[in-house]
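Student: Contents of query21.txt (compact mmCIF, C-alpha atoms) are given next:
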# COMPACT_ATOMS: atom_id res chain seq x y z
CA MET M 253 0.31 29.67 -6.77
CA PRO M 254 3.88 30.39 -8.04
CA ALA M 255 6.62 28.74 -6.00
CA THR M 256 8.27 32.11 -5.33
CA ALA M 257 5.09 33.83 -4.06
CA ARG M 258 4.82 34.42 -0.33
CA SER M 259 2.04 32.38 1.27
CA ALA M 260 -0.65 34.30 3.13
CA TRP M 261 -0.49 31.54 5.74
CA CYS M 262 2.95 32.77 6.73
CA ASP M 263 1.20 35.78 8.27
CA VAL M 264 -1.21 33.62 10.29
CA PRO M 265 0.04 33.22 13.89
CA ARG M 266 1.54 29.75 14.30
CA LEU M 267 -0.78 28.80 17.17
CA GLN M 268 -3.83 29.91 15.21
CA ALA M 269 -2.72 27.87 12.17
CA LYS M 270 -2.16 24.80 14.37
CA GLN M 271 -5.63 25.18 15.86
CA PHE M 272 -7.07 25.34 12.33
CA VAL M 273 -5.28 22.15 11.33
CA ALA M 274 -6.30 20.35 14.54
CA LEU M 275 -9.98 21.28 14.19
CA ALA M 276 -9.98 20.40 10.48
CA LEU M 277 -8.40 17.01 11.10
CA ASP M 278 -10.87 16.35 13.89
CA GLU M 279 -13.67 17.23 11.47
CA ALA M 280 -12.29 15.05 8.64
CA PRO M 281 -14.13 11.77 9.52
CA ARG M 282 -17.53 13.53 9.87
CA LEU M 283 -16.87 15.59 6.76
CA ALA M 284 -15.95 12.49 4.79
CA ARG M 285 -19.15 10.77 5.90
CA ASP M 286 -21.27 13.79 5.02
CA ILE M 287 -19.63 14.07 1.60
CA LEU M 288 -20.21 10.39 0.85
CA ASP M 289 -23.85 10.60 1.99
CA GLU M 290 -24.41 13.59 -0.28
CA ILE M 291 -22.75 11.80 -3.18
CA HIS M 292 -25.04 8.81 -2.70
CA ARG M 293 -28.04 11.14 -2.69
CA GLU M 294 -26.90 12.77 -5.92
CA PHE M 295 -25.72 9.51 -7.50
CA PRO M 296 -27.90 6.72 -6.08
CA GLN M 297 -26.64 4.22 -8.67
CA LEU M 298 -23.11 4.41 -7.26
CA PRO M 299 -22.13 0.95 -5.95
CA VAL M 300 -20.79 0.57 -2.41
CA VAL M 301 -17.43 -1.23 -2.39
CA LEU M 302 -16.04 -2.38 0.96
CA ASP M 303 -12.40 -2.95 1.88
CA GLU M 304 -11.06 -5.91 3.88
CA SER M 305 -12.11 -4.30 7.15
CA GLY M 306 -15.67 -3.78 5.93
CA GLU M 307 -15.32 -0.01 5.52
CA ALA M 308 -16.47 1.70 2.37
CA VAL M 309 -13.48 2.24 0.07
CA ALA M 310 -14.90 5.59 -1.06
CA LEU M 311 -15.19 6.77 2.56
CA VAL M 312 -11.55 5.86 3.20
CA GLY M 313 -10.48 7.73 0.09
CA ILE M 314 -12.44 10.88 0.92
CA ARG M 315 -11.16 10.95 4.50
CA ARG M 316 -7.56 10.49 3.39
CA ALA M 317 -7.95 13.21 0.75
CA VAL M 318 -9.27 15.68 3.35
CA GLU M 319 -6.56 14.79 5.89
CA ASP M 320 -3.74 15.00 3.33
CA PHE M 321 -5.04 18.35 2.15
CA VAL M 322 -5.22 19.78 5.66
CA ARG M 323 -1.80 18.48 6.70
CA GLY M 324 -0.32 20.57 3.92
CA PHE M 325 -0.93 23.59 6.19
CA ALA M 326 0.64 22.06 9.27
CA ASP M 327 3.72 24.25 8.89
CA GLY M 328 1.68 27.38 8.39
CA ALA M 329 2.12 27.54 4.57
CA ALA M 330 0.45 26.02 1.56
CA ASP M 331 3.69 25.40 -0.32
CA GLY M 332 4.12 21.86 0.96
CA LEU M 333 0.59 20.93 0.01
CA LEU M 334 0.80 22.18 -3.54
CA GLU M 335 3.95 20.14 -4.13
CA GLY M 336 2.39 16.97 -2.75
CA GLN M 337 0.40 14.29 -4.52
CA ALA M 338 -3.23 13.26 -4.19
CA PRO M 339 -3.85 9.84 -2.59
CA ALA M 340 -3.09 7.03 -5.02
CA LEU M 341 -6.40 5.47 -3.99
CA PHE M 342 -8.07 7.83 -6.43
CA GLN M 343 -6.38 5.91 -9.22
CA GLU M 344 -8.50 2.96 -8.14
CA PHE M 345 -11.64 5.08 -8.46
CA GLY M 346 -10.64 5.86 -12.04
CA ARG M 347 -9.94 2.21 -12.74
CA GLY M 348 -13.35 1.28 -11.37
CA GLN M 349 -15.08 3.71 -13.73
CA SER M 350 -13.29 2.16 -16.70
CA LEU M 351 -13.92 -1.44 -15.66
CA HIS M 352 -17.64 -0.75 -15.29
CA GLY M 353 -17.87 0.98 -18.64
CA ARG M 354 -18.60 4.43 -17.20
CA THR M 355 -17.07 7.75 -18.18
CA LEU M 356 -15.12 10.04 -15.84
CA ASP M 357 -17.80 12.76 -16.04
CA SER M 358 -19.80 11.50 -13.07
CA LEU M 359 -16.64 10.91 -11.04
CA GLN M 360 -15.43 14.46 -11.61
CA ALA M 361 -18.88 15.75 -10.63
CA MET M 362 -18.55 13.83 -7.35
CA TYR M 363 -15.13 15.34 -6.74
CA ARG M 364 -16.44 18.86 -7.32
CA LEU M 365 -19.30 18.19 -4.93
CA GLY M 366 -16.86 16.96 -2.30
CA VAL M 367 -14.54 19.95 -2.68
CA LYS M 368 -17.47 22.35 -2.41
CA MET M 369 -18.67 20.73 0.83
CA ALA M 370 -15.12 20.58 2.22
CA TRP M 371 -14.57 24.27 1.47
CA ARG M 372 -17.75 25.23 3.30
CA ARG M 373 -16.73 23.23 6.38
CA LEU M 374 -13.18 24.57 6.37
CA ALA M 375 -14.41 28.11 5.79
CA ASP M 376 -16.65 27.74 8.85
CA ILE M 377 -13.63 26.64 10.92
CA GLY M 378 -11.58 29.54 9.57
CA GLN M 379 -14.33 32.02 10.46
CA ARG M 380 -14.54 30.68 14.02
CA LEU M 381 -10.77 31.06 14.43
CA HIS M 382 -10.74 34.47 12.68
CA ILE M 383 -8.31 33.31 9.99
CA PRO M 384 -7.58 36.33 7.72
CA PRO M 385 -9.49 36.32 4.38
CA PRO M 386 -6.30 36.25 2.22
CA ALA M 387 -5.28 32.99 3.87
CA MET M 388 -8.75 31.50 3.32
CA TYR M 389 -8.73 32.62 -0.33
CA GLU M 390 -5.42 30.84 -0.68
CA LEU M 391 -6.97 27.81 0.97
CA ALA M 392 -9.82 27.81 -1.59
CA GLU M 393 -7.36 28.12 -4.48
CA ALA M 394 -5.27 25.27 -3.09
CA GLY M 395 -8.43 23.18 -2.73
CA TYR M 396 -9.21 23.43 -6.43
CA GLU M 397 -5.61 22.71 -7.36
CA TYR M 398 -5.85 19.67 -5.12
CA LEU M 399 -9.03 18.72 -6.97
CA ASP M 400 -7.02 18.79 -10.19
CA GLY M 401 -4.58 16.35 -8.60
CA LEU M 402 -7.42 13.99 -7.67
CA VAL M 403 -8.74 14.13 -11.21
CA ASP M 404 -5.26 13.50 -12.62
CA GLN M 405 -4.92 10.40 -10.44
CA SER M 406 -8.29 9.12 -11.57
CA VAL M 407 -7.56 9.83 -15.22
CA ARG M 408 -4.31 7.89 -14.88
CA GLY M 409 -6.12 4.93 -13.33
CA TYR M 410 -8.88 5.14 -15.92
CA ALA M 411 -6.37 5.17 -18.80
CA GLU M 412 -4.38 2.26 -17.34
CA ALA M 413 -7.52 0.16 -16.91
CA ALA M 414 -8.77 1.05 -20.38
CA ALA M 415 -5.40 0.07 -21.87
CA ARG M 416 -5.43 -3.25 -20.02
CA GLN M 417 -8.99 -3.90 -21.13
CA ALA M 418 -8.14 -3.06 -24.72
CA GLY M 419 -5.07 -5.29 -24.57
CA GLU M 420 -7.07 -8.15 -23.08
CA ARG M 421 -9.80 -7.73 -25.67
CA LEU M 422 -7.22 -7.84 -28.45
CA ARG M 423 -5.72 -10.99 -26.95
CA GLN M 424 -9.10 -12.68 -26.72
CA GLN M 425 -9.98 -11.42 -30.20
CA ARG M 426 -6.83 -13.00 -31.65
CA LYS M 427 -7.71 -16.28 -29.93
CA LEU M 428 -11.18 -16.10 -31.46
CA MET M 429 -9.70 -15.46 -34.91
CA ASP M 430 -7.19 -18.28 -34.45
CA LEU M 431 -10.03 -20.62 -33.52
CA MET M 432 -11.87 -19.72 -36.71
CA LEU M 433 -8.92 -19.42 -39.08
CA GLU M 434 -6.16 -21.68 -37.86
CA GLY M 435 -7.47 -23.89 -35.07
CA ARG M 436 -4.57 -23.08 -32.73
CA THR M 437 -6.71 -23.72 -29.68
CA GLY M 438 -7.18 -27.36 -30.65
CA VAL M 439 -10.11 -29.23 -32.17
CA PRO M 440 -13.06 -28.69 -29.83
CA ARG M 441 -15.70 -31.32 -29.25
CA ASP M 442 -18.37 -28.85 -30.35
CA PRO M 443 -16.80 -26.22 -32.66
CA VAL M 444 -19.93 -24.06 -32.77
CA GLN M 445 -20.22 -23.93 -28.98
CA ALA M 446 -16.50 -23.21 -28.60
CA LEU M 447 -16.76 -20.40 -31.12
CA THR M 448 -19.80 -18.92 -29.38
CA GLU M 449 -18.12 -19.04 -25.96
CA ARG M 450 -14.94 -17.44 -27.25
CA ALA M 451 -16.91 -14.73 -29.11
CA ALA M 452 -18.84 -13.87 -25.93
CA ARG M 453 -15.56 -12.93 -24.20
CA VAL M 454 -15.04 -10.04 -26.63
CA GLY M 455 -18.71 -9.14 -27.01
CA TRP M 456 -18.83 -10.34 -30.62
CA GLN M 457 -22.11 -11.65 -31.95
CA VAL M 458 -21.48 -14.77 -34.03
CA PRO M 459 -23.13 -14.11 -37.42
CA ALA M 460 -24.61 -16.53 -39.91
CA HIS M 461 -21.87 -15.71 -42.44
CA VAL M 462 -18.42 -14.16 -42.38
CA ALA M 463 -15.87 -13.09 -44.97
CA VAL M 464 -12.17 -13.09 -44.17
CA GLY M 465 -9.87 -10.39 -45.49
CA VAL M 466 -6.10 -10.18 -45.91
CA LEU M 467 -4.59 -6.69 -46.10
CA LEU M 468 -1.35 -5.31 -47.49
CA ARG M 469 0.10 -2.47 -45.43
CA PRO M 470 0.42 0.85 -47.29
CA ALA M 471 3.36 1.58 -44.94
CA ARG M 472 5.07 -0.26 -42.10
CA ASP M 473 3.73 2.22 -39.52
CA ALA M 474 0.28 2.53 -41.10
CA VAL M 475 -2.56 3.29 -38.66
CA ALA M 476 -5.08 0.47 -38.31
CA PRO M 477 -8.18 0.93 -40.47
CA ALA M 478 -11.20 2.36 -38.60
CA VAL M 479 -13.44 -0.69 -38.87
CA GLY M 480 -16.55 -1.13 -36.73
CA SER M 481 -16.76 -3.18 -33.54
CA ASP M 482 -18.44 -6.04 -35.42
CA VAL M 483 -15.28 -6.50 -37.50
CA LEU M 484 -12.49 -8.58 -35.95
CA LEU M 485 -9.11 -7.13 -36.86
CA ASP M 486 -5.65 -8.53 -36.16
CA MET M 487 -2.83 -6.11 -36.98
CA GLU M 488 -0.06 -8.36 -35.60
CA PRO M 489 0.74 -10.39 -38.75
CA GLU M 490 2.82 -8.89 -41.56
CA ARG M 491 -0.40 -9.09 -43.58
CA PRO M 492 -3.19 -7.96 -41.22
CA ARG M 493 -6.35 -10.06 -41.25
CA LEU M 494 -9.97 -9.23 -40.58
CA VAL M 495 -13.22 -11.13 -40.16
CA LEU M 496 -16.27 -9.31 -41.48
CA SER M 497 -19.75 -10.14 -40.17
CA GLU M 498 -22.60 -10.56 -42.66
CA PRO M 499 -20.59 -9.26 -45.63
CA ASP M 500 -23.66 -9.17 -47.90
CA ALA M 501 -25.72 -6.98 -45.55
CA ALA M 502 -27.09 -3.77 -47.03
CA GLY M 503 -24.55 -0.94 -46.98
CA ARG M 504 -21.74 -3.15 -45.64
CA ALA M 505 -19.63 -2.91 -48.79
CA ASP M 506 -19.71 0.92 -48.75
CA LEU M 507 -18.82 1.09 -45.05
CA LEU M 508 -15.92 -1.29 -45.56
CA ARG M 509 -14.67 0.61 -48.60
CA ARG M 510 -14.52 3.84 -46.59
CA ALA M 511 -12.88 2.17 -43.58
CA LEU M 512 -10.20 0.56 -45.77
CA SER M 513 -9.46 3.65 -47.81
CA GLY M 514 -5.74 3.71 -48.63
CA TRP M 515 -5.32 -0.02 -47.98
CA THR M 516 -5.07 -2.85 -50.49
CA GLY M 517 -5.86 -6.51 -50.09
CA ALA M 518 -8.63 -9.00 -50.69
CA ILE M 519 -11.87 -10.13 -49.04
CA GLY M 520 -12.69 -13.83 -49.35
CA PRO M 521 -16.13 -15.22 -50.21
CA PRO M 522 -18.92 -15.35 -47.57
CA VAL M 523 -18.97 -18.63 -45.62
CA PRO M 524 -20.42 -19.94 -42.34
CA PRO M 525 -18.11 -19.03 -39.40
CA ALA M 526 -17.02 -22.65 -39.05
CA ASP M 527 -15.64 -22.46 -42.62
CA ALA M 528 -13.80 -19.15 -42.17
CA ALA M 529 -10.48 -20.83 -43.04
CA LYS M 530 -11.80 -21.44 -46.57
CA SER M 531 -12.55 -17.75 -47.03
CA LEU M 532 -9.07 -16.93 -45.71
CA ARG M 533 -7.48 -19.31 -48.21
CA TRP M 534 -9.13 -17.56 -51.17
CA ALA M 535 -8.25 -14.11 -49.80
CA GLU M 536 -4.59 -15.16 -49.48
CA ALA M 537 -4.68 -16.55 -53.01
CA ALA M 538 -6.09 -13.28 -54.32
CA VAL M 539 -3.40 -11.25 -52.53
CA GLY M 540 -0.77 -13.49 -54.10
CA LEU M 541 -2.19 -12.74 -57.55
CA MET M 542 -2.27 -9.03 -56.73
CA GLU M 543 1.42 -9.09 -55.86
CA ARG M 544 2.13 -10.72 -59.23
CA GLY M 545 0.15 -8.04 -61.03
CA LEU M 546 -2.59 -10.46 -62.12
CA LEU M 547 -5.35 -8.75 -60.09
CA PRO M 548 -5.95 -5.01 -59.47
CA ASP M 549 -3.69 -3.82 -56.65
CA ALA M 550 -5.05 -0.32 -56.02
CA GLU M 551 -7.88 -1.32 -53.67
CA VAL M 552 -9.29 -4.08 -51.50
CA VAL M 553 -10.81 -6.49 -54.01
CA GLN M 554 -13.69 -8.92 -53.51
CA CYS M 555 -12.78 -12.49 -54.42
CA THR M 556 -16.32 -13.08 -55.65
CA GLN M 557 -15.72 -10.50 -58.38
CA HIS M 558 -12.60 -12.32 -59.62
CA THR M 559 -13.72 -15.94 -59.48
CA GLN M 560 -12.46 -16.80 -62.97
CA ALA M 561 -8.95 -15.57 -62.23
CA LEU M 562 -8.82 -17.35 -58.88
CA VAL M 563 -10.09 -20.64 -60.32
CA LEU M 564 -7.89 -20.60 -63.43
CA LEU M 565 -4.70 -19.07 -62.04
CA GLN M 566 -4.46 -20.67 -58.63
CA PRO M 567 -3.71 -24.31 -59.53
CA GLU M 568 -0.80 -23.17 -61.73
CA GLU M 569 1.02 -26.49 -61.96
CA LEU M 570 -2.11 -28.39 -63.02
CA VAL M 571 -3.17 -25.76 -65.54
CA ASP M 572 0.36 -25.54 -66.96
CA ASP M 573 0.52 -29.29 -67.35
CA LEU M 574 -2.84 -29.32 -69.10
CA ALA M 575 -1.71 -26.44 -71.34
CA ARG M 576 1.42 -28.32 -72.40
CA ARG M 577 -0.67 -31.27 -73.51
CA ALA M 578 -3.66 -29.40 -74.95
CA LEU M 579 -1.64 -26.80 -76.87
CA GLU M 580 1.15 -29.15 -78.03
CA PRO M 581 0.19 -28.64 -81.72
CA LEU M 582 1.17 -24.96 -81.44
CA THR M 583 4.79 -25.93 -80.80
CA ARG M 584 5.05 -26.65 -84.54
CA CYS M 585 4.48 -22.93 -85.27
CA GLY M 586 6.59 -19.86 -84.65
CA PRO M 587 5.90 -17.84 -81.45
CA THR M 588 4.05 -14.97 -83.15
CA HIS M 589 1.96 -17.22 -85.39
CA ALA M 590 1.24 -19.57 -82.49
CA ARG M 591 -0.08 -16.65 -80.45
CA ARG M 592 -2.38 -15.51 -83.27
CA LEU M 593 -3.73 -19.01 -83.74
CA ALA M 594 -4.30 -19.33 -79.99
CA GLU M 595 -6.22 -16.03 -79.88
CA THR M 596 -8.30 -17.09 -82.89
CA LEU M 597 -9.01 -20.51 -81.36
CA LEU M 598 -10.14 -18.92 -78.08
CA ALA M 599 -12.38 -16.41 -79.86
CA TRP M 600 -13.92 -19.24 -81.87
CA LEU M 601 -14.51 -21.36 -78.76
CA GLU M 602 -16.08 -18.41 -76.89
CA THR M 603 -18.35 -17.23 -79.72
CA ARG M 604 -19.27 -20.63 -81.18
CA GLY M 605 -19.77 -18.59 -84.34
CA GLY M 606 -18.46 -18.41 -87.85
CA ALA M 607 -15.66 -16.39 -89.38
CA PRO M 608 -17.55 -13.02 -89.33
CA GLU M 609 -18.28 -13.26 -85.58
CA VAL M 610 -14.73 -14.31 -84.74
CA ALA M 611 -13.29 -11.60 -87.01
CA ALA M 612 -15.40 -8.93 -85.28
CA ARG M 613 -14.18 -10.13 -81.90
CA LEU M 614 -10.52 -10.04 -82.98
CA GLY M 615 -10.72 -6.94 -85.16
CA VAL M 616 -9.34 -8.69 -88.26
CA HIS M 617 -10.70 -9.57 -91.73
CA PRO M 618 -13.02 -12.63 -91.94
CA GLN M 619 -10.79 -14.14 -94.64
CA THR M 620 -7.87 -14.04 -92.18
CA VAL M 621 -10.01 -15.91 -89.65
CA ARG M 622 -10.98 -18.55 -92.24
CA TYR M 623 -7.31 -19.13 -93.02
CA ARG M 624 -6.42 -19.49 -89.35
CA LEU M 625 -9.37 -21.81 -88.64
CA ARG M 626 -8.26 -24.13 -91.48
CA GLN M 627 -4.81 -24.26 -89.89
CA ILE M 628 -6.32 -24.96 -86.46
CA ARG M 629 -8.28 -27.90 -87.85
CA GLU M 630 -5.14 -29.17 -89.56
CA LEU M 631 -3.22 -29.00 -86.27
CA TRP M 632 -5.87 -30.54 -83.96
CA GLY M 633 -7.95 -32.49 -86.42
CA ASP M 634 -11.24 -33.89 -85.14
CA GLU M 635 -10.24 -33.11 -81.52
CA VAL M 636 -11.70 -29.61 -81.87
CA ASP M 637 -15.11 -31.22 -82.33
CA ASP M 638 -14.89 -33.20 -79.08
CA PRO M 639 -16.72 -31.34 -76.20
CA ASP M 640 -14.18 -32.37 -73.56
CA ARG M 641 -11.22 -31.28 -75.69
CA ARG M 642 -12.91 -28.01 -76.52
CA PHE M 643 -13.48 -27.37 -72.78
CA GLU M 644 -9.82 -28.09 -71.98
CA LEU M 645 -8.65 -25.80 -74.77
CA GLU M 646 -10.89 -22.95 -73.66
CA LEU M 647 -9.83 -23.38 -70.02
CA VAL M 648 -6.08 -23.19 -70.69
CA LEU M 649 -6.44 -20.40 -73.24
CA ARG M 650 -8.52 -18.31 -70.81
CA ALA M 651 -5.84 -18.88 -68.17
CA ARG M 652 -3.17 -17.63 -70.59
CA ARG M 653 -5.23 -14.56 -71.36
CA LEU M 654 -5.62 -13.80 -67.65
CA ARG M 655 -1.85 -14.02 -67.32
CA GLY M 656 -1.43 -11.52 -70.15
CA GLU M 657 0.04 -14.09 -72.54
CA LEU M 658 -2.79 -13.53 -75.03
CA GLY M 659 -4.41 -10.31 -76.17
CA PRO M 660 -7.61 -9.07 -74.49
CA VAL M 661 -11.00 -9.75 -75.98
Take the structure in the file and give it back as structure tokens.
Tutor:
Amino acid sequence: MPATARSAWCDVPRLQAKQFVALALDEAPRLARDILDEIHREFPQLPVVLDESGEAVALVGIRRAVEDFVRGFADGAADGLLEGQAPALFQEFGRGQSLHGRTLDSLQAMYRLGVKMAWRRLADIGQRLHIPPPAMYELAEAGYEYLDGLVDQSVRGYAEAAARQAGERLRQQRKLMDLMLEGRTGVPRDPVQALTERAARVGWQVPAHVAVGVLLRPARDAVAPAVGSDVLLDMEPERPRLVLSEPDAAGRADLLRRALSGWTGAIGPPVPPADAAKSLRWAEAAVGLMERGLLPDAEVVQCTQHTQALVLLQPEELVDDLARRALEPLTRCGPTHARRLAETLLAWLETRGGAPEVAARLGVHPQTVRYRLRQIRELWGDEVDDPDRRFELELVLRARRLRGELGPV
């Protein structure tokens, strides 16, 4: 009803309006009881919650709602009522629905049932007192506006409880991830039991295997990826982390690819949950290589598909030291010639073939390969026939190729 509109209750004699309010308030306790009984008949699964005095909380709320509604007419006009607020107790009803995992649909159905019963009772009182129809129509309209206020209170309570639950779940989820990935909660006497207990607090089923992912944000304010409830996700770090259950399960890779569309990063190898930190270490290593341009950086890569790069490029200092010793003979050649000899040596080690096979691999003439192979034998001598030396040479040359220092195969 617009604030400037004249209330039909202004035309109701003051004494008659006071009689209506008095009778309605007198009827409020019985009406509240009847409404609650009808609600329990319609919704038998509704739990009965008692307050400190042993009275049903729902009964108190219904009675207060009826009394507050009626008192809005105490001055003979509905204006005061429509500007008022519904009892804050209805926020608690909304919170209860959220905490018990129920939707607001049933609660709103109860409210509509209560308003319908209240209107019938108030209409009966109005008929007995000969309240003019326009005033009663206004009463009905105000009743449904009041219903909207009750719903708004419940929605607010529901949203607040849901937010607290979500925040608590995220907090417990981070603790679970810390336990698996970093051990911040201390070293438990029984790690498996501690993990199971912590997982139960967030409703997460501990799988036989997990894979840990490290993500790179496409933008600072990027929306979290829409992963399933069986994926633990922590968006707090600069590089968000996730724990994926049963990464090798059928269809899991496709689901994850869709959920992480637009993101980049790496997923570590599958490991038992107790070894999740190992999977995290490889994922972090892969992300480091991505940032250096040594792994594809346009998607979320699987570490298991880039094992060679991770094994050969990660221990850089050790591989570089081995390369300095193993490839020392090449320092006697110019840079361009040394590179060609290195590529020829690697092709020869990989093919274990003669000049024609190596030439086909390099795209050069066999005679060129024969010339280079004679030089290689002059530089390394009999060492190229030793299995251990050959392995070292192939290892460091493959590492150089992965770094882009040698041409592709």
Student: Taking all atoms listed in the file into account, name the residue in M:Val462, M:Gly480, M:Ala528, M:Val621 that is nearest to M:Glu498.
Tutor: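 Among the listed residues, the smallest separation from M:Glu498 belongs to M:Val462.
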Student: Counting all atoms listed in the file, what is within 10 Å of stretch 510-520 of chain M, bar same-chain residues fewer than 4 positions away, as a PyMOL selection string?
Tutor: chain M and resi 462-471+474+476-480+491-496+499+505-506+528-540+542-543+547-556
Student: Find the distance between atom CA of M:Glu420 and atom CA of M:Asp357 and write it in Å to one decimal.
Tutor: 24.5 Å
Student: Give me the residues within 7 Å of M:Val648 as a PDB file with C-alpha atoms, keeping the file's coordinate frame, counting only C-alpha atoms and dropping any in the same chain fewer than 4 places off.
Tutor:
ATOM      1  CA  VAL M 571      -3.170 -25.760 -65.540  1.00  0.00           C
ATOM      2  CA  ALA M 575      -1.710 -26.440 -71.340  1.00  0.00           C
ATOM      3  CA  GLU M 644      -9.820 -28.090 -71.980  1.00  0.00           C
ATOM      4  CA  ARG M 652      -3.170 -17.630 -70.590  1.00  0.00           C
TER       5      ARG M 652
END
Student: Using all atoms listed in the file, find the one residue out of M:Leu485, M:Leu298, M:Ala415, M:Ala392 that sits nearest to M:Ser350.
Tutor: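 Result for the nearest residue to M:Ser350: M:Ala415.
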Student: Counting only C-alpha atoms, figure out which residue out of M:Ala418, M:Leu402, M:Ala590, M:Leu625 gets nearest to M:Gln343.
Tutor: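 Among the listed residues, the smallest separation from M:Gln343 belongs to M:Leu402.
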Student: As an NGL selection string, please: the residues near stretch 445-451 of chain M (cut-off 12 Å, only C-alpha atoms, same-chain neighbours under 5 positions excluded).
Tutor: :M and (421-433 or 435 or 437-440 or 456-460 or 482-484 or 524-528)
Student: Given 4 Å of margin on each side, can you work out the centre and size in Å (one decimal) of an axis-aligned box holding every listed atom of stretch 623-635 of chain M, as JSON?
Tutor:
{"center_x": -7.2, "center_y": -26.5, "center_z": -87.3, "size_x": 16.0, "size_y": 22.8, "size_z": 19.5}
Student: Nearest residue to M:Lys368 out of M:Tyr389, M:Tyr396, M:Tyr410, M:Phe345, using all atoms listed in the file?
Tutor: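 For M:Lys368, the nearest of the candidates is M:Tyr396.
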Student: Take atom CA of M:Arg624 and atom CA of M:Asp640 and report the distance between them in Å, one decimal.
Tutor: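 Rounded to one decimal, the two atoms are 21.8 Å apart.
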Student: Provide the atom CA of M:Pro581 to atom CA of M:Arg642 distance in Å, to one decimal place.
Tutor: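 About the pair atom CA of M:Pro581 and atom CA of M:Arg642: they are 14.1 Å apart.
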Student: Would you please work out which residue, of M:Ala414, M:His617, M:Tyr623, M:Asp263, is nearest to M:Thr355 when using only C-alpha atoms?
Tutor: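 Distance minimum relative to M:Thr355 lands on M:Ala414.
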Student: Just checking: using only C-alpha atoms, which residue out of M:Ala310, M:Ile377, M:Ala411, M:Ala370 ends up closest to M:Leu356?
Tutor: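 Closest candidate: M:Ala411.
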Student: Show me as an mmCIF file with C-alpha atoms, keeping the file's coordinate frame the residues that reach within 8 Å of (-4.4, -19.3, -64.3), counting only C-alpha atoms and using the file's own coordinates.
Tutor:
data_model
loop_
_atom_site.group_PDB
_atom_site.id
_atom_site.type_symbol
_atom_site.label_atom_id
_atom_site.label_comp_id
_atom_site.auth_asym_id
_atom_site.auth_seq_id
_atom_site.Cartn_x
_atom_site.Cartn_y
_atom_site.Cartn_z
ATOM 1 C CA ALA M 561 -8.950 -15.570 -62.230
ATOM 2 C CA LEU M 562 -8.820 -17.350 -58.880
ATOM 3 C CA VAL M 563 -10.090 -20.640 -60.320
ATOM 4 C CA LEU M 564 -7.890 -20.600 -63.430
ATOM 5 C CA LEU M 565 -4.700 -19.070 -62.040
ATOM 6 C CA GLN M 566 -4.460 -20.670 -58.630
ATOM 7 C CA PRO M 567 -3.710 -24.310 -59.530
ATOM 8 C CA GLU M 568 -0.800 -23.170 -61.730
ATOM 9 C CA VAL M 571 -3.170 -25.760 -65.540
ATOM 10 C CA VAL M 648 -6.080 -23.190 -70.690
ATOM 11 C CA ARG M 650 -8.520 -18.310 -70.810
ATOM 12 C CA ALA M 651 -5.840 -18.880 -68.170
ATOM 13 C CA ARG M 652 -3.170 -17.630 -70.590
ATOM 14 C CA LEU M 654 -5.620 -13.800 -67.650
ATOM 15 C CA ARG M 655 -1.850 -14.020 -67.320
#
Student: List the neighbours of M:Leu288 out to 10 Å using all atoms listed in the file; skip same-chain residues closer than 4 positions along the sequence, and give me the result as a PyMOL selection string.
Tutor: chain M and resi 282-284+292-294+308+310-311+314-315+362+365-366
Student: I want to know what sits within 10 Å of M:Trp632, based on only C-alpha atoms, with residues of the same chain fewer than 4 positions away left out; could you give that as number ranges by chain?
Tutor: M: 578-582, 627-628, 636-637, 641
Student: Using only C-alpha atoms and a cutoff of 12 Å, can you tell me which residues are near (-5.5, 13.5, -3.5) in the file's coordinates, and write them out as a PyMOL selection string?
Tutor: chain M and resi 312-324+333-345+363+366-367+394-406
